[in-house]
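Raw entry-v6.cif, mmCIF, C-alpha atoms and all ligand atoms:
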data_final
loop_
_atom_site.label_atom_id
_atom_site.label_comp_id
_atom_site.auth_asym_id
_atom_site.auth_seq_id
_atom_site.Cartn_x
_atom_site.Cartn_y
_atom_site.Cartn_z
CA MET A 313 -37.95 14.23 -16.33
CA GLN A 314 -35.15 12.21 -17.91
CA ILE A 315 -32.59 10.39 -15.82
CA TYR A 316 -29.08 9.48 -16.96
CA LYS A 317 -26.12 7.69 -15.53
CA VAL A 318 -23.06 9.98 -15.64
CA GLY A 319 -19.42 10.20 -14.76
CA GLY A 320 -17.46 7.29 -13.35
CA ALA A 321 -20.15 4.68 -13.84
CA VAL A 322 -20.29 5.26 -17.61
CA ARG A 323 -16.53 5.57 -17.92
CA ASP A 324 -15.74 2.43 -15.97
CA ARG A 325 -18.35 0.33 -17.74
CA LEU A 326 -16.78 1.30 -21.10
CA LEU A 327 -13.34 0.49 -19.70
CA GLY A 328 -14.56 -2.88 -18.48
CA LYS A 329 -13.75 -1.93 -14.89
CA PRO A 330 -16.03 -2.70 -11.95
CA VAL A 331 -18.50 0.10 -11.20
CA THR A 332 -18.78 0.84 -7.49
CA ASP A 333 -20.87 3.97 -7.12
CA ILE A 334 -23.30 5.37 -9.63
CA ASP A 335 -23.93 9.08 -10.11
CA TRP A 336 -27.13 10.19 -11.83
CA VAL A 337 -28.16 13.42 -13.48
CA VAL A 338 -31.79 14.48 -13.80
CA VAL A 339 -32.87 16.71 -16.70
CA GLY A 340 -36.16 18.59 -16.81
CA ALA A 341 -37.08 18.41 -13.14
CA THR A 342 -37.51 20.87 -10.30
CA THR A 343 -36.51 20.51 -6.67
CA GLU A 344 -40.19 20.31 -5.74
CA GLU A 345 -40.77 17.38 -8.10
CA MET A 346 -37.76 15.54 -6.65
CA LEU A 347 -38.97 16.05 -3.10
CA ALA A 348 -42.46 14.92 -4.10
CA LYS A 349 -40.95 11.65 -5.36
CA GLY A 350 -39.34 11.07 -1.98
CA PHE A 351 -35.75 12.06 -2.81
CA ARG A 352 -33.83 13.50 0.13
CA PRO A 353 -31.92 16.75 -0.40
CA VAL A 354 -28.16 16.56 0.36
CA GLY A 355 -27.24 20.17 0.93
CA ALA A 356 -29.21 23.35 1.45
CA ASP A 357 -28.19 25.21 -1.70
CA PHE A 358 -26.97 22.25 -3.71
CA PRO A 359 -29.33 20.60 -6.21
CA VAL A 360 -28.28 17.07 -5.24
CA PHE A 361 -30.59 14.40 -3.82
CA LEU A 362 -30.34 10.89 -2.47
CA HIS A 363 -32.58 8.19 -3.87
CA PRO A 364 -35.09 7.11 -1.21
CA LYS A 365 -34.17 3.41 -1.63
CA SER A 366 -30.71 3.01 -3.25
CA GLY A 367 -29.16 6.05 -1.53
CA GLU A 368 -27.38 6.92 -4.82
CA GLU A 369 -26.78 10.55 -5.77
CA TYR A 370 -29.11 12.26 -8.18
CA ALA A 371 -28.12 15.77 -9.25
CA LEU A 372 -30.32 18.17 -11.14
CA ALA A 373 -28.71 19.19 -14.42
CA ARG A 374 -26.94 22.46 -13.73
CA THR A 375 -24.63 25.06 -15.08
CA GLU A 376 -22.09 26.84 -12.95
CA ARG A 377 -20.26 30.12 -13.00
CA LYS A 378 -17.11 31.09 -11.25
CA SER A 379 -17.71 33.97 -8.87
CA GLY A 380 -14.71 33.99 -6.57
CA ARG A 381 -11.68 32.08 -5.38
CA GLY A 382 -11.74 28.43 -4.43
CA TYR A 383 -14.69 26.08 -4.48
CA GLY A 384 -16.99 28.26 -2.42
CA GLY A 385 -16.72 30.71 -5.27
CA PHE A 386 -19.18 28.97 -7.57
CA THR A 387 -22.70 29.98 -8.45
CA PHE A 388 -24.89 27.07 -9.50
CA HIS A 389 -27.86 27.39 -11.72
CA ALA A 390 -30.21 24.43 -11.82
CA SER A 391 -33.49 24.58 -13.67
CA PRO A 392 -35.63 22.28 -15.82
CA GLU A 393 -34.34 24.15 -18.92
CA VAL A 394 -30.68 23.14 -18.41
CA THR A 395 -29.81 20.53 -21.04
CA LEU A 396 -27.72 17.40 -20.63
CA GLU A 397 -25.00 18.87 -22.86
CA GLU A 398 -24.87 22.02 -20.71
CA ASP A 399 -24.49 19.90 -17.60
CA LEU A 400 -21.75 17.74 -19.12
CA ILE A 401 -19.61 20.66 -20.30
CA ARG A 402 -18.89 21.78 -16.71
CA ARG A 403 -17.28 18.42 -15.89
CA ASP A 404 -13.54 17.93 -15.60
CA LEU A 405 -12.45 15.33 -18.15
CA THR A 406 -14.00 14.19 -21.42
CA ILE A 407 -14.00 10.59 -20.19
CA ASN A 408 -16.06 11.77 -17.20
CA ALA A 409 -18.46 13.82 -19.32
CA MET A 410 -20.50 11.05 -20.90
CA ALA A 411 -24.07 10.09 -20.02
CA GLU A 412 -26.10 7.00 -20.62
CA ASP A 413 -29.88 6.45 -20.56
CA ASP A 414 -31.60 3.28 -19.39
CA GLN A 415 -31.19 1.77 -22.88
CA GLN A 416 -27.40 2.21 -22.59
CA HIS A 417 -27.62 4.87 -25.29
CA LEU A 418 -24.56 7.11 -24.94
CA THR A 419 -24.55 10.91 -25.00
CA ASP A 420 -20.98 11.95 -25.65
CA PRO A 421 -20.81 15.52 -26.95
CA TYR A 422 -17.17 16.05 -25.91
CA HIS A 423 -15.75 12.84 -27.38
CA GLY A 424 -15.01 10.98 -24.20
CA GLN A 425 -15.18 7.68 -25.98
CA ARG A 426 -12.53 8.75 -28.46
CA ASP A 427 -10.28 9.79 -25.57
CA LEU A 428 -10.93 6.51 -23.77
CA GLU A 429 -9.66 4.68 -26.82
CA ALA A 430 -6.69 7.04 -27.16
CA ARG A 431 -6.02 6.60 -23.41
CA LEU A 432 -6.04 10.36 -22.90
CA LEU A 433 -7.07 12.42 -19.88
CA ARG A 434 -8.29 15.58 -21.55
CA HIS A 435 -10.21 18.53 -20.10
CA VAL A 436 -13.68 19.26 -21.45
CA SER A 437 -13.48 23.04 -21.77
CA PRO A 438 -11.40 26.02 -20.64
CA ALA A 439 -13.74 26.22 -17.62
CA PHE A 440 -11.53 23.40 -16.28
CA ALA A 441 -9.34 26.15 -14.84
CA GLU A 442 -12.16 27.38 -12.59
CA ASP A 443 -11.68 24.68 -9.97
CA PRO A 444 -8.08 23.99 -8.94
CA LEU A 445 -9.08 20.68 -7.37
CA ARG A 446 -9.20 19.33 -10.91
CA VAL A 447 -5.40 19.38 -10.99
CA LEU A 448 -5.43 16.83 -8.18
CA ARG A 449 -8.26 14.87 -9.77
CA VAL A 450 -6.43 14.51 -13.07
CA ALA A 451 -3.28 13.36 -11.29
CA ARG A 452 -5.38 10.85 -9.36
CA PHE A 453 -6.99 9.48 -12.51
CA ALA A 454 -3.53 9.26 -14.09
CA ALA A 455 -2.48 7.07 -11.16
CA ARG A 456 -5.63 4.98 -11.29
CA TYR A 457 -5.45 4.25 -15.00
CA ALA A 458 -1.67 4.14 -15.42
CA ASP A 459 -1.78 0.38 -15.92
CA LEU A 460 -4.12 0.91 -18.88
CA GLY A 461 -1.64 3.30 -20.48
CA PHE A 462 -3.49 6.58 -19.84
CA THR A 463 -1.56 9.83 -19.98
CA VAL A 464 -2.50 13.48 -19.52
CA ALA A 465 -3.16 15.30 -22.81
CA PRO A 466 -0.46 17.94 -23.42
CA GLU A 467 -2.98 20.80 -23.57
CA THR A 468 -4.52 19.68 -20.26
CA LEU A 469 -1.08 19.48 -18.67
CA GLU A 470 -0.48 23.03 -19.90
CA LEU A 471 -3.69 24.22 -18.21
CA MET A 472 -2.67 22.42 -15.03
CA ARG A 473 0.67 24.20 -15.23
CA GLN A 474 -1.02 27.59 -15.55
CA LEU A 475 -3.30 26.80 -12.63
CA SER A 476 -0.32 25.80 -10.50
CA GLU A 477 1.46 29.04 -11.29
CA SER A 478 -1.62 31.20 -10.73
CA GLY A 479 -1.70 30.67 -6.97
CA GLU A 480 -5.23 29.20 -7.16
CA LEU A 481 -4.07 25.89 -5.67
CA GLN A 482 -3.52 27.66 -2.35
CA ALA A 483 -7.24 28.40 -2.21
CA LEU A 484 -8.07 24.68 -1.88
CA THR A 485 -9.30 23.63 1.52
CA ALA A 486 -7.37 20.98 3.42
CA GLU A 487 -10.44 18.71 3.40
CA ARG A 488 -10.89 18.71 -0.37
CA SER A 489 -7.18 18.23 -1.00
CA TRP A 490 -6.83 15.41 1.51
CA LYS A 491 -9.76 13.55 0.00
CA GLU A 492 -8.00 13.49 -3.37
CA ILE A 493 -4.55 12.80 -1.91
CA SER A 494 -5.73 9.91 0.23
CA ARG A 495 -7.69 8.35 -2.61
CA ALA A 496 -4.72 8.75 -4.95
CA LEU A 497 -2.33 7.17 -2.44
CA LEU A 498 -4.59 4.14 -2.25
CA GLU A 499 -4.42 3.52 -6.00
CA ASP A 500 -2.18 0.77 -7.38
CA GLN A 501 0.34 3.25 -8.77
CA PRO A 502 0.30 6.19 -6.34
CA GLN A 503 3.74 7.29 -7.48
CA VAL A 504 2.16 8.39 -10.78
CA PHE A 505 0.00 10.85 -8.82
CA ILE A 506 3.12 12.54 -7.42
CA GLU A 507 4.88 12.41 -10.79
CA VAL A 508 2.02 14.17 -12.57
CA LEU A 509 1.77 16.81 -9.85
CA ARG A 510 5.47 17.39 -10.21
CA GLU A 511 5.30 17.60 -13.98
CA CYS A 512 2.71 20.38 -13.90
CA GLY A 513 4.36 22.32 -11.10
CA ALA A 514 1.63 21.59 -8.55
CA LEU A 515 3.92 19.55 -6.29
CA LYS A 516 6.10 22.62 -5.73
CA VAL A 517 3.02 24.48 -4.49
CA LEU A 518 1.24 21.73 -2.55
CA MET A 519 4.16 19.79 -1.11
CA PRO A 520 7.37 21.75 -1.72
CA GLU A 521 9.07 19.49 0.85
CA ILE A 522 8.71 16.53 -1.52
CA ASP A 523 9.48 18.51 -4.65
CA ALA A 524 12.77 19.55 -3.01
CA LEU A 525 13.95 15.92 -2.82
CA PHE A 526 14.43 15.66 -6.57
CA GLY A 527 18.02 16.38 -7.45
CA VAL A 528 19.29 15.57 -3.96
CA PRO A 529 21.85 12.73 -4.11
CA GLN A 530 22.31 9.88 -1.61
CA PRO A 531 25.34 7.57 -1.31
CA GLN A 532 25.34 5.14 -4.22
CA ALA A 533 26.48 2.22 -2.05
CA HIS A 534 23.17 2.17 -0.17
CA HIS A 535 21.05 3.86 -2.80
CA PRO A 536 21.86 2.73 -6.34
CA GLU A 537 19.08 5.04 -7.61
CA ILE A 538 20.99 7.96 -5.99
CA ASP A 539 18.22 10.60 -6.30
CA THR A 540 16.15 11.07 -3.12
CA GLY A 541 12.98 12.00 -5.03
CA VAL A 542 13.26 8.88 -7.20
CA HIS A 543 13.82 6.82 -4.05
CA THR A 544 10.72 8.30 -2.39
CA LEU A 545 8.56 7.39 -5.37
CA SER A 546 9.96 3.85 -5.39
CA VAL A 547 9.16 3.45 -1.70
CA LEU A 548 5.60 4.55 -2.37
CA GLU A 549 5.42 2.16 -5.31
CA GLN A 550 6.58 -0.71 -3.11
CA ALA A 551 4.00 0.21 -0.46
CA ALA A 552 1.25 -0.10 -3.09
CA LEU A 553 2.70 -3.32 -4.49
CA HIS A 554 2.61 -4.77 -0.98
CA LYS A 555 -0.97 -3.52 -0.43
CA GLN A 556 -0.04 -1.38 2.55
CA PRO A 557 -2.73 0.75 4.23
CA LEU A 558 -3.01 4.52 3.87
CA THR A 559 -1.08 5.20 7.08
CA VAL A 560 1.96 3.32 5.79
CA ARG A 561 1.76 4.91 2.35
CA TRP A 562 1.58 8.40 3.87
CA ALA A 563 4.55 7.65 6.12
CA CYS A 564 6.51 6.29 3.15
CA LEU A 565 5.89 9.47 1.18
CA LEU A 566 7.15 11.69 4.01
CA HIS A 567 9.88 9.57 5.60
CA ASP A 568 12.93 11.29 4.06
CA LEU A 569 11.86 14.96 3.97
CA GLY A 570 14.85 15.91 6.10
CA LYS A 571 17.19 15.05 3.21
CA GLY A 572 15.89 18.10 1.38
CA LEU A 573 17.43 20.29 4.09
CA THR A 574 21.00 18.93 3.90
CA PRO A 575 23.52 21.63 2.90
CA GLU A 576 25.06 20.78 -0.48
CA GLU A 577 28.55 20.59 1.03
CA GLU A 578 27.43 17.55 3.02
CA TRP A 579 25.97 15.65 0.02
CA PRO A 580 25.62 12.74 -0.52
CA ARG A 581 25.50 12.16 3.24
CA HIS A 582 22.51 13.27 5.28
CA ILE A 583 23.55 13.55 8.88
CA ALA A 584 20.59 13.55 11.32
CA HIS A 585 18.07 13.86 8.48
CA GLU A 586 15.58 11.86 10.55
CA HIS A 587 15.43 14.52 13.22
CA LYS A 588 15.67 17.49 10.85
CA GLY A 589 12.75 16.19 8.84
CA LEU A 590 10.29 16.19 11.72
CA LYS A 591 9.26 19.81 11.44
CA LEU A 592 8.67 19.36 7.72
CA ILE A 593 6.57 16.23 8.27
CA LYS A 594 4.57 18.13 10.86
CA ALA A 595 4.00 21.00 8.43
CA VAL A 596 2.73 18.70 5.66
CA ASN A 597 0.56 16.77 8.12
CA GLU A 598 -1.07 19.97 9.29
CA ARG A 599 -1.39 21.54 5.86
CA PHE A 600 -3.72 18.74 4.77
CA LYS A 601 -5.20 17.97 8.18
CA ALA A 602 -4.24 14.34 7.68
CA PRO A 603 -6.05 11.96 10.06
CA ARG A 604 -4.37 11.45 13.39
CA ASP A 605 -3.13 7.91 12.69
CA CYS A 606 -1.49 9.05 9.44
CA GLN A 607 0.13 12.03 11.18
CA GLU A 608 1.47 9.94 14.06
CA LEU A 609 2.90 7.18 11.92
CA ALA A 610 4.56 9.63 9.52
CA LEU A 611 6.34 11.36 12.41
CA LEU A 612 7.42 8.09 14.04
CA VAL A 613 8.66 6.59 10.77
CA GLY A 614 10.46 9.84 9.97
CA GLN A 615 12.23 9.78 13.30
CA TYR A 616 13.01 6.07 13.63
CA HIS A 617 13.33 4.46 10.18
CA THR A 618 17.11 4.26 10.45
CA HIS A 619 16.68 2.45 13.77
CA GLY A 620 14.52 -0.04 11.90
CA HIS A 621 17.22 -0.71 9.34
CA ARG A 622 19.86 -1.10 12.05
CA ALA A 623 17.61 -3.24 14.25
CA LEU A 624 20.02 -6.19 14.48
CA GLU A 625 22.85 -3.95 15.71
CA LEU A 626 20.85 -1.98 18.27
CA LYS A 627 21.76 -2.35 21.94
CA PRO A 628 18.97 -3.82 24.08
CA SER A 629 18.55 -0.44 25.80
CA THR A 630 18.08 1.30 22.45
CA LEU A 631 15.64 -1.37 21.33
CA LEU A 632 13.70 -0.78 24.51
CA GLU A 633 13.58 2.97 23.90
CA LEU A 634 12.31 2.32 20.40
CA LEU A 635 9.54 0.07 21.66
CA GLN A 636 8.62 2.60 24.35
CA SER A 637 8.46 5.40 21.80
CA PHE A 638 5.86 3.39 19.90
CA ASP A 639 3.99 2.43 23.07
CA VAL A 640 4.08 -1.05 21.56
CA TYR A 641 2.33 -2.47 24.65
CA ARG A 642 -0.90 -0.62 23.94
CA ARG A 643 -0.43 0.03 20.21
CA PRO A 644 1.02 -3.17 18.69
CA GLN A 645 -0.59 -2.47 15.30
CA ARG A 646 1.17 0.85 14.97
CA PHE A 647 4.55 -0.84 15.46
CA GLU A 648 3.63 -3.36 12.74
CA GLU A 649 2.97 -0.44 10.43
CA PHE A 650 6.33 1.08 11.33
CA ILE A 651 8.05 -2.20 10.45
CA ALA A 652 6.17 -2.28 7.14
CA ALA A 653 7.21 1.27 6.29
CA CYS A 654 10.87 0.45 7.05
CA GLU A 655 10.69 -2.61 4.83
CA MET A 656 9.17 -0.58 1.99
CA ASP A 657 11.96 1.97 2.44
CA ALA A 658 14.55 -0.79 2.09
CA ARG A 659 12.80 -2.27 -0.96
CA GLY A 660 12.36 1.12 -2.61
CA ARG A 661 15.94 1.04 -3.82
CA LYS A 662 16.97 0.30 -7.38
CA GLY A 663 17.84 -3.35 -7.83
CA LEU A 664 17.18 -4.20 -4.16
CA GLU A 665 13.40 -4.60 -4.40
CA GLN A 666 13.59 -8.38 -3.84
CA ARG A 667 16.19 -8.42 -1.11
CA SER A 668 14.99 -9.96 2.14
CA TYR A 669 14.51 -7.75 5.17
CA PRO A 670 15.37 -9.80 8.27
CA GLN A 671 14.98 -6.68 10.42
CA ALA A 672 11.21 -7.07 10.17
CA ASP A 673 11.00 -10.42 11.98
CA TYR A 674 13.71 -9.37 14.38
CA LEU A 675 11.71 -6.31 15.42
CA ARG A 676 8.53 -8.36 15.73
CA GLY A 677 10.36 -10.79 18.00
CA ALA A 678 11.72 -7.95 20.11
CA ALA A 679 8.25 -6.49 20.54
CA LYS A 680 6.94 -9.88 21.55
CA ALA A 681 9.71 -10.35 24.10
CA ALA A 682 9.12 -6.96 25.69
CA ARG A 683 5.36 -7.42 25.71
CA SER A 684 5.62 -10.81 27.38
CA VAL A 685 6.84 -9.26 30.64
CA ALA A 686 4.02 -9.80 33.11
CA VAL A 687 3.08 -7.06 35.54
CA GLN A 688 1.25 -9.24 38.08
CA PRO A 689 4.34 -10.85 39.68
CA LEU A 690 5.85 -7.39 40.17
CA LEU A 691 2.69 -6.16 41.87
CA GLU A 692 2.82 -9.20 44.08
CA LYS A 693 6.37 -8.33 45.04
CA GLY A 694 4.95 -5.02 46.30
CA PHE A 695 6.13 -2.59 43.61
CA LYS A 696 3.87 0.40 43.05
CA GLY A 697 3.89 3.89 41.51
CA PRO A 698 7.09 5.02 39.80
CA GLU A 699 8.98 2.07 41.27
CA LEU A 700 6.64 -0.32 39.52
CA GLY A 701 7.33 1.53 36.27
CA GLU A 702 11.08 1.16 36.82
CA ALA A 703 10.74 -2.53 37.66
CA ILE A 704 8.72 -3.23 34.52
CA LYS A 705 11.29 -1.42 32.44
CA ARG A 706 14.11 -3.44 34.00
CA GLU A 707 12.31 -6.70 33.29
CA ARG A 708 11.67 -5.69 29.71
CA LEU A 709 15.32 -4.79 29.28
CA ASN A 710 16.29 -8.22 30.59
CA ALA A 711 13.86 -9.84 28.21
CA LEU A 712 15.41 -7.93 25.30
CA LYS A 713 18.95 -8.86 26.37
CA ALA A 714 17.95 -12.51 26.40
CA TYR A 715 16.19 -12.10 23.05
CA LYS A 716 19.21 -10.49 21.40
CA GLU A 717 21.54 -13.15 22.75
CA ALA A 718 19.30 -15.97 21.61
CA ALA A 719 18.98 -14.38 18.16
CA SER A 720 22.75 -14.04 17.70
CA VAL A 721 23.59 -17.72 18.27
P1 LIG B 801 -14.81 7.70 -8.94
O1 LIG B 801 -14.76 6.37 -9.59
O2 LIG B 801 -13.54 8.10 -8.30
O3 LIG B 801 -16.06 7.94 -8.12
P2 LIG B 801 -16.03 9.65 -10.62
O4 LIG B 801 -15.64 10.14 -11.99
O5 LIG B 801 -17.37 9.03 -10.48
O6 LIG B 801 -14.87 8.69 -10.18
P3 LIG B 801 -16.88 11.51 -8.62
O7 LIG B 801 -16.05 12.32 -7.67
O8 LIG B 801 -17.83 10.50 -8.09
O9 LIG B 801 -15.86 10.88 -9.65
O10 LIG B 801 -17.67 12.58 -9.50
C1 LIG B 801 -18.68 12.20 -10.45
C2 LIG B 801 -18.55 13.04 -11.70
O11 LIG B 801 -18.74 14.42 -11.38
C3 LIG B 801 -17.20 12.99 -12.38
O12 LIG B 801 -17.11 11.92 -13.28
C4 LIG B 801 -17.13 14.31 -13.07
O13 LIG B 801 -17.90 14.27 -14.27
C5 LIG B 801 -17.86 15.24 -12.12
N1 LIG B 801 -16.97 15.92 -11.17
C6 LIG B 801 -16.70 15.60 -9.88
N2 LIG B 801 -15.89 16.48 -9.30
C7 LIG B 801 -15.64 17.44 -10.22
C8 LIG B 801 -14.89 18.64 -10.24
N3 LIG B 801 -14.20 19.05 -9.17
N4 LIG B 801 -14.87 19.35 -11.39
C9 LIG B 801 -15.55 18.94 -12.46
N5 LIG B 801 -16.26 17.84 -12.52
C10 LIG B 801 -16.33 17.07 -11.42
MG MG B 802 -18.38 8.51 -8.69
#
Would you give me this structure, written as structure tokens?
Amino acid sequence: MQIYKVGGAVRDRLLGKPVTDIDWVVVGATTEEMLAKGFRPVGADFPVFLHPKSGEEYALARTERKSGRGYGGFTFHASPEVTLEEDLIRRDLTINAMAEDDQQHLTDPYHGQRDLEARLLRHVSPAFAEDPLRVLRVARFAARYADLGFTVAPETLELMRQLSESGELQALTAERSWKEISRALLEDQPQVFIEVLRECGALKVLMPEIDALFGVPQPQAHHPEIDTGVHTLSVLEQAALHKQPLTVRWACLLHDLGKGLTPEEEWPRHIAHEHKGLKLIKAVNERFKAPRDCQELALLVGQYHTHGHRALELKPSTLLELLQSFDVYRRPQRFEEFIAACEMDARGRKGLEQRSYPQADYLRGAAKAARSVAVQPLLEKGFKGPELGEAIKRERLNALKAYKEAASV
């Protein structure tokens, strides 16, 4: 059997990028031979194995045929006769379809190296269209390598466009889509992921709620960039620039969905967009089965981001309600993430990226004041049950009144 490094490991070494995980392809072997060497099979009907020591993935060279909709609809054929070239042709992009032996000798039948130099994301063969997930993968690679100047080849973009129009994207499972979306959001330029999806028409299919924000104006006084879609991308860009976690990035992407529902007569104002957006945020959350912490933060940021911006003007009672909504006493980290998302929203405005955001420290101070109310003295005074709850609330309100007063002198 011959063993080659393939995919990302080859690509990233040639790009001079750090290689994190290595994928291997094995030519000329049978499942029995792999098992005899101690490799552990990954899936029942999938010719992929884990190395007994390194745990890295070794796949038998295989060909595949489309036999139905979605990813389930693939028939694999792995046998010792399948050649390296036959295995590489089923891969998505030319830059991902190179292999390397242990002498670093490159097998590059589809000119991946040429495309690396030309900074082009180009599909290997028309079979690209057989797996709609590749649309998301290409957009993700565009985001990952944007800083190197990579763009999607026009003919690949055209294929992505056809795939988006064909209805095949709907056949993707939530799990596969979320894996790509979450990885893309964690790249340094996640806004490029959304831009590429939009350019090929996939955004309209996958997240019509975000697609609808483009062309919707906001008041120029607060939003010099005017367009709500442009603003959303800038917020996401700021979140990446400030190294925010996935939860915050997801919330940033979804925070203004309600603005897509405003009747044109009301433009450029968006009355109650925070509340109107909640059902859309919920729909997107559920469509991709986003993890619970992402779902929760997106809904909370959607509902309360304007409160965040107006923090210094909020009455103590409103501040208290805000803190209660976040259950800041048991979930302080989640409130921190809310503050971060609000700050990214404020910075995601043209020309205002560097403006300070005093609301952030003010909100942190308010949370601290409310959290500092001790329960023990109230217990000692004999409060219990609902009365205890009321007493705690009263004390917290007093603490916030004092905090606001102290902050305004
Ligand atoms: P990363 O650095 O993100 O791991 P990668 O290119 O190694 O990038 P993997 O998901 O690990 O991506 O996949 C390994 C290789 O398998 C890819 O380089 C590509 O050749 C191929 N591949 C993975 N998923 C697909 C797919 N859906 N369609 C076609 N080829 C794919
Ligand atoms: Mg990989």
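Taking atom CA of Ala411 of chain A and atom C5 of ligand LIG 801 (chain B) as the two end points, the separation is 11.3 Å.
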Practice task
Step by step, measure atom-to-atom distances between ligand LIG 801 (chain B) and each residue using only C-alpha atoms and all ligand atoms, keep those at most 7 Å, then write them as a list in words.
Solution key: Val318, Gly319, Gly320, Ala321, Asp333, Asp335, Arg402, Arg403, Asp404, Leu405, Asn408, Ala409, Asp443, Leu445 and Arg446 of chain A
Problem - Within 7 Å of Leu548 of chain A using all atoms listed in the file, minus same-chain residues under 3 positions, as JSON, numbers by chain - result: {"A": [502, 503, 544, 545, 551, 552, 561, 564, 565]}
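Distances here use only C-alpha atoms and all ligand atoms; by that measure, the residue among A:Val331, A:Val528, A:Cys606, A:Ala465 closest to ligand MG 802 (chain B) is A:Val331.
Atom to atom, atom CA of Leu592 of chain A and atom CA of Leu566 of chain A stand 8.7 Å apart.
When only C-alpha atoms are used to compute distances to Thr618 of chain A, the closest of the residues A:Asp413, A:Glu586, A:Glu649, A:Glu369 turns out to be A:Glu586.
Taking only C-alpha atoms into account, Glu429 of chain A lies nearest to A:Ile407 out of the set A:Ile407, A:Leu484, A:Ala341, A:Ala371.
Rounded to one decimal, atom CA of Gln666 of chain A and atom CA of Val542 of chain A lie 17.6 Å from each other.
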Atom completion result for segment 472-484 of chain A (N, CA, C and O atoms) as a short mmCIF file (atom, residue, chain, number, x, y, z; two decimals), in the frame of the given file:
data_model
loop_
_atom_site.label_atom_id
_atom_site.label_comp_id
_atom_site.auth_asym_id
_atom_site.auth_seq_id
_atom_site.Cartn_x
_atom_site.Cartn_y
_atom_site.Cartn_z
N MET A 472 -3.02 22.76 -16.42
CA MET A 472 -2.67 22.42 -15.03
C MET A 472 -1.46 23.23 -14.58
O MET A 472 -1.37 23.67 -13.43
N ARG A 473 -0.54 23.43 -15.53
CA ARG A 473 0.67 24.20 -15.23
C ARG A 473 0.29 25.66 -14.93
O ARG A 473 0.76 26.25 -13.95
N GLN A 474 -0.59 26.20 -15.76
CA GLN A 474 -1.02 27.59 -15.55
C GLN A 474 -1.74 27.73 -14.21
O GLN A 474 -1.52 28.70 -13.48
N LEU A 475 -2.58 26.75 -13.90
CA LEU A 475 -3.30 26.80 -12.63
C LEU A 475 -2.33 26.75 -11.45
O LEU A 475 -2.52 27.43 -10.44
N SER A 476 -1.30 25.93 -11.59
CA SER A 476 -0.32 25.80 -10.50
C SER A 476 0.44 27.10 -10.29
O SER A 476 0.76 27.47 -9.17
N GLU A 477 0.71 27.79 -11.39
CA GLU A 477 1.46 29.04 -11.29
C GLU A 477 0.58 30.21 -10.83
O GLU A 477 1.08 31.19 -10.30
N SER A 478 -0.73 30.07 -11.00
CA SER A 478 -1.62 31.20 -10.73
C SER A 478 -1.83 31.47 -9.24
O SER A 478 -2.33 32.52 -8.87
N GLY A 479 -1.46 30.49 -8.40
CA GLY A 479 -1.70 30.67 -6.97
C GLY A 479 -3.07 30.14 -6.53
O GLY A 479 -3.39 30.15 -5.36
N GLU A 480 -3.88 29.70 -7.49
CA GLU A 480 -5.23 29.20 -7.16
C GLU A 480 -5.20 27.94 -6.29
O GLU A 480 -6.12 27.68 -5.53
N LEU A 481 -4.13 27.14 -6.45
CA LEU A 481 -4.07 25.89 -5.67
C LEU A 481 -4.09 26.16 -4.17
O LEU A 481 -4.60 25.37 -3.40
N GLN A 482 -3.55 27.32 -3.79
CA GLN A 482 -3.52 27.66 -2.35
C GLN A 482 -4.91 27.88 -1.79
O GLN A 482 -5.11 27.84 -0.59
N ALA A 483 -5.88 28.13 -2.68
CA ALA A 483 -7.24 28.40 -2.21
C ALA A 483 -7.99 27.11 -1.86
O ALA A 483 -9.07 27.15 -1.29
N LEU A 484 -7.39 25.96 -2.19
CA LEU A 484 -8.07 24.68 -1.88
C LEU A 484 -8.13 24.47 -0.38
O LEU A 484 -7.17 24.76 0.34
#
